[in-house]
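Structure record follows, encoded as C-alpha cells.
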Amino acid sequence: MLGSVFYRAGREKDAAAEWDAAIATDPANPGTYRLVAAVLAENRLLDRAAEVYRRGRRGTGDGDLFTLELAQLLGSTMNYSGATAEYLRWLAKNPSQLSFVQSRLSQMTGRDDARTAATDVIRAALGDRGDLSLLQLLAWLAMEGKKYEEAFDVYRKIDALAGAHGNELYQFAARAAGEKAYDVAARAYQEAIVAPLPSSRMPYAKYGYAAAVRDLQAEADTFASPVRGTPATEAVPLYGGAVRLFRKIIEDYPQTEFSARSWYQIGLIQSEKFGDREGAVVSLRHVIEEAGAPPPCATTRHS
C-alpha cells in the first residue's frame with residue numbers, strides 16, 4: 001500500500017523499493033507475488049506486474065504458477081504470443097479444459113494480428129507431433145479467421161488421428177456450409193463419405209453434399225446473371241448436378257425424411273430455376289408420399 005502511495009505521488013523509485021521489500025518478507029509464498037502484482041496492475045503497471053509473476057516462478061521454483069494471471073496480463077498488453085504460450089501451458093496441465101482455453105483466447109483473437117500470433121505459437125508448439133488438443137485449437141482459429149482451406153487441412157489430420165471415420169470431416173463440412181463456404185463444404189462432405197462414415201451418418205452427409213453443390217451452383221448462377229437470372233434452358237445443366245445427387249438420395253433412402261427433403265429440393269429447383277411448374281407439382285406431391293401421412297390435427301372449437 002505504501003508503494004502505491006509513493007507511485008501516485010510520482011516517487012517511482014521509492015514505490016519500487018517498497019514493492020521489493022514486500023516480496024522479500026516471504027519470497028517462497030505465491031500469495032506474496034499475487035498481492036504485489038495486483039497492486040501493480042491497479043496502477044496500470046501491467047508489464048511490471050507480469051514480471052513480478054515471472055519472478056514468483058523463479059522465487060518459488062514452480063514454473064507453472066500464475067499461468068492464467070500472466071496470460072490475462074500479456075493479452076492486455078497486446079503480447080499475444082506470450083499470452084497464447086501461457087494458455088498452452090495451462091492446457092498441457094489441464095487437457096480437459098480446451099473449451100475454457102478457447103473462450104479465453106477468443107477475448108483477443110477477434111484481431112487479425114492476435115489470431116496470427118496465436119496460430120504461429122500453436123504451430124510451433126505442435127511441430128510434427130500429433131496432439132489433438134493443439135490441432136483442435138488450430139482448426140478453431142482457422143475457422144475464426146474464415147480460413148476454411150486451412151481449417152480443412154487441419155480437420156483431415158484430426159479425423160485421421162482421432163480415428164473418427166469421417167465424423168470430424170462431416171462436422172467441419174456442416175459448419176463450413178453454415179458459413180457459406182460451399183466449395184470447401186462440398187469437398188469435406190465428399191471425403192467424409194469416402195472415409196467412409198458410419199452408415200447412420202451417411203444419409204446426412206449425402207444430403208449435406210447435395211445441398212452444398214446446389215448452393216455452389218446457385219452462387220455460379222448469381223455471378224453469371226445477377227439481375228435477370230439464368231434462362232431455364234441454361235439452368236438445366238447448371239443445376240443438373242444437384243438434381244442428380246438429390247435423385248440418388250431418393251433411390252438410396254426411399255420413404256425416409258431424406259428422400260422427402262430431396263424431392264422438395266428438386267421441386268424448388270424445377271419451379272424456380274427450370275420454369276417447370278408441372279414437374280415441380282409432381283415432385284412436391286412426392287414429398288407427401290415419402291414423408292407419410294401427416295399426424296392428425298387436434299380440432300379446436302371456436303365460439
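Residue names in the C-alpha cells use chain letters A, B, ... in the order shown, residue numbers from 1 in each chain, and ligand numbers from 1 in the order shown.
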Subject >> Selection near Leu216 (chain A), 12 Å with only C-alpha atoms, sequence-local residues under 6 positions removed, as a ChimeraX atom specification >> reply: /A:177,180-187,209-210,222-223,238-239,241-242
Written selection (N, CA and C atoms) as a PDB file, in the first residue's frame:
ATOM      1  N   ALA A 177     -20.539 -25.142 -44.475  1.00  0.00           N
ATOM      2  CA  ALA A 177     -21.746 -24.848 -45.243  1.00  0.00           C
ATOM      3  C   ALA A 177     -22.573 -23.771 -44.544  1.00  0.00           C
ATOM      4  N   LYS A 180     -21.379 -20.519 -45.426  1.00  0.00           N
ATOM      5  CA  LYS A 180     -21.467 -20.278 -46.870  1.00  0.00           C
ATOM      6  C   LYS A 180     -20.162 -20.520 -47.608  1.00  0.00           C
ATOM      7  N   ALA A 181     -19.299 -21.344 -47.037  1.00  0.00           N
ATOM      8  CA  ALA A 181     -18.087 -21.762 -47.734  1.00  0.00           C
ATOM      9  C   ALA A 181     -18.422 -23.078 -48.446  1.00  0.00           C
ATOM     10  N   TYR A 182     -19.249 -22.978 -49.485  1.00  0.00           N
ATOM     11  CA  TYR A 182     -19.859 -24.165 -50.078  1.00  0.00           C
ATOM     12  C   TYR A 182     -18.850 -25.059 -50.793  1.00  0.00           C
ATOM     13  N   ASP A 183     -17.848 -24.468 -51.416  1.00  0.00           N
ATOM     14  CA  ASP A 183     -16.869 -25.270 -52.145  1.00  0.00           C
ATOM     15  C   ASP A 183     -16.105 -26.187 -51.192  1.00  0.00           C
ATOM     16  N   VAL A 184     -15.602 -25.613 -50.096  1.00  0.00           N
ATOM     17  CA  VAL A 184     -14.872 -26.412 -49.106  1.00  0.00           C
ATOM     18  C   VAL A 184     -15.810 -27.412 -48.449  1.00  0.00           C
ATOM     19  N   ALA A 185     -17.038 -26.987 -48.160  1.00  0.00           N
ATOM     20  CA  ALA A 185     -18.013 -27.879 -47.529  1.00  0.00           C
ATOM     21  C   ALA A 185     -18.286 -29.090 -48.409  1.00  0.00           C
ATOM     22  N   ALA A 186     -18.469 -28.865 -49.707  1.00  0.00           N
ATOM     23  CA  ALA A 186     -18.763 -29.970 -50.624  1.00  0.00           C
ATOM     24  C   ALA A 186     -17.613 -30.978 -50.635  1.00  0.00           C
ATOM     25  N   ARG A 187     -16.369 -30.475 -50.681  1.00  0.00           N
ATOM     26  CA  ARG A 187     -15.218 -31.381 -50.709  1.00  0.00           C
ATOM     27  C   ARG A 187     -15.059 -32.132 -49.391  1.00  0.00           C
ATOM     28  N   TYR A 209     -24.008 -32.888 -48.803  1.00  0.00           N
ATOM     29  CA  TYR A 209     -23.200 -32.719 -50.015  1.00  0.00           C
ATOM     30  C   TYR A 209     -24.055 -32.201 -51.165  1.00  0.00           C
ATOM     31  N   ALA A 210     -25.220 -32.806 -51.356  1.00  0.00           N
ATOM     32  CA  ALA A 210     -26.119 -32.363 -52.428  1.00  0.00           C
ATOM     33  C   ALA A 210     -26.530 -30.906 -52.226  1.00  0.00           C
ATOM     34  N   THR A 222     -25.857 -16.783 -59.786  1.00  0.00           N
ATOM     35  CA  THR A 222     -25.954 -15.373 -59.394  1.00  0.00           C
ATOM     36  C   THR A 222     -24.825 -14.554 -59.999  1.00  0.00           C
ATOM     37  N   PHE A 223     -23.623 -15.151 -59.979  1.00  0.00           N
ATOM     38  CA  PHE A 223     -22.466 -14.439 -60.534  1.00  0.00           C
ATOM     39  C   PHE A 223     -22.628 -14.225 -62.037  1.00  0.00           C
ATOM     40  N   LEU A 238     -26.816 -26.291 -65.435  1.00  0.00           N
ATOM     41  CA  LEU A 238     -26.187 -25.645 -64.287  1.00  0.00           C
ATOM     42  C   LEU A 238     -26.575 -26.330 -62.977  1.00  0.00           C
ATOM     43  N   TYR A 239     -27.870 -26.636 -62.830  1.00  0.00           N
ATOM     44  CA  TYR A 239     -28.358 -27.251 -61.597  1.00  0.00           C
ATOM     45  C   TYR A 239     -28.522 -28.765 -61.713  1.00  0.00           C
ATOM     46  N   GLY A 241     -26.380 -31.152 -61.746  1.00  0.00           N
ATOM     47  CA  GLY A 241     -25.577 -31.930 -60.812  1.00  0.00           C
ATOM     48  C   GLY A 241     -26.261 -32.095 -59.474  1.00  0.00           C
ATOM     49  N   ALA A 242     -26.840 -31.015 -58.967  1.00  0.00           N
ATOM     50  CA  ALA A 242     -27.533 -31.085 -57.682  1.00  0.00           C
ATOM     51  C   ALA A 242     -28.766 -31.976 -57.781  1.00  0.00           C
TER      52      ALA A 242
END
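For Leu132 (chain A), the non-local neighbours within 9 Å, defined as residues at least 2 positions apart in the same chain or in other chains and counting only C-alpha atoms, are Gly130, Leu134, Leu135, Gln136, Leu137, Lys157, Ile158, Leu161 and Ala162 of chain A.
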Same residues, N, CA and C atoms, saved as a JSON list (two decimals), in the first residue's frame:
[["chain", "number", "residue", "atom", "x", "y", "z"],
["A", 130, "GLY", "N", 1.51, -35.33, -33.07],
["A", 130, "GLY", "CA", 0.08, -35.49, -33.27],
["A", 130, "GLY", "C", -0.65, -35.21, -31.97],
["A", 134, "LEU", "N", -4.05, -29.44, -29.58],
["A", 134, "LEU", "CA", -3.43, -28.35, -30.33],
["A", 134, "LEU", "C", -3.99, -28.28, -31.75],
["A", 135, "LEU", "N", -4.26, -29.42, -32.36],
["A", 135, "LEU", "CA", -4.86, -29.42, -33.69],
["A", 135, "LEU", "C", -6.27, -28.82, -33.65],
["A", 136, "GLN", "N", -7.01, -29.14, -32.62],
["A", 136, "GLN", "CA", -8.36, -28.59, -32.49],
["A", 136, "GLN", "C", -8.32, -27.07, -32.29],
["A", 137, "LEU", "N", -7.35, -26.60, -31.52],
["A", 137, "LEU", "CA", -7.18, -25.16, -31.36],
["A", 137, "LEU", "C", -6.82, -24.50, -32.68],
["A", 157, "LYS", "N", -6.29, -33.99, -40.56],
["A", 157, "LYS", "CA", -5.36, -34.57, -39.59],
["A", 157, "LYS", "C", -6.10, -35.01, -38.33],
["A", 158, "ILE", "N", -7.03, -34.18, -37.88],
["A", 158, "ILE", "CA", -7.80, -34.52, -36.67],
["A", 158, "ILE", "C", -8.58, -35.81, -36.88],
["A", 161, "LEU", "N", -6.13, -38.76, -36.95],
["A", 161, "LEU", "CA", -5.51, -39.01, -35.65],
["A", 161, "LEU", "C", -6.50, -39.57, -34.64],
["A", 162, "ALA", "N", -7.73, -39.06, -34.69],
["A", 162, "ALA", "CA", -8.76, -39.50, -33.73],
["A", 162, "ALA", "C", -9.43, -40.80, -34.16]]
**OP:** For Tyr189 (chain A), list every protein, DNA or RNA residue within 12 Å, evaluated using only C-alpha atoms, and leave out those in the same chain fewer than 6 positions away; present the list as a PyMOL selection string.
**Re:** chain A and resi 152+156+166-177+182-183+195-197+201-213
**OP:** Can you pull out every residue within 12 Å of region 93-106 of chain A, counting only C-alpha atoms, but drop anything in the same chain fewer than 4 positions away, and send it as a PyMOL selection string?
**Re:** chain A and resi 63-65+67-69+71-72+74-76+80-89+110-112+114-115+117-119+122+131-141+143-145
**OP:** Write out as a count of residues only all residues of region 49-297 of chain A that DSSP puts in helix (DSSP H, G or I) for this structure's backbone.
**Re:** 189
Original post:
Which is closest to Arg58 (chain A) among A:Ala164, A:Ala28, A:Val39, A:Leu46, if we use only C-alpha atoms?
Top reply: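 Smallest distance to Arg58 (chain A) is found for A:Ala28.
Comparing A:Ala218, A:Arg54, A:Glu179, A:Met108 by their smallest distance to Glu272 (chain A), the closest is A:Ala218 (using only C-alpha atoms).
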Original post:
Given the choices A:Ile288, A:Leu126, A:Val282, A:Val5, which gets closest to Arg261 (chain A) if the distance is worked out from only C-alpha atoms?
Top reply: A:Ile288
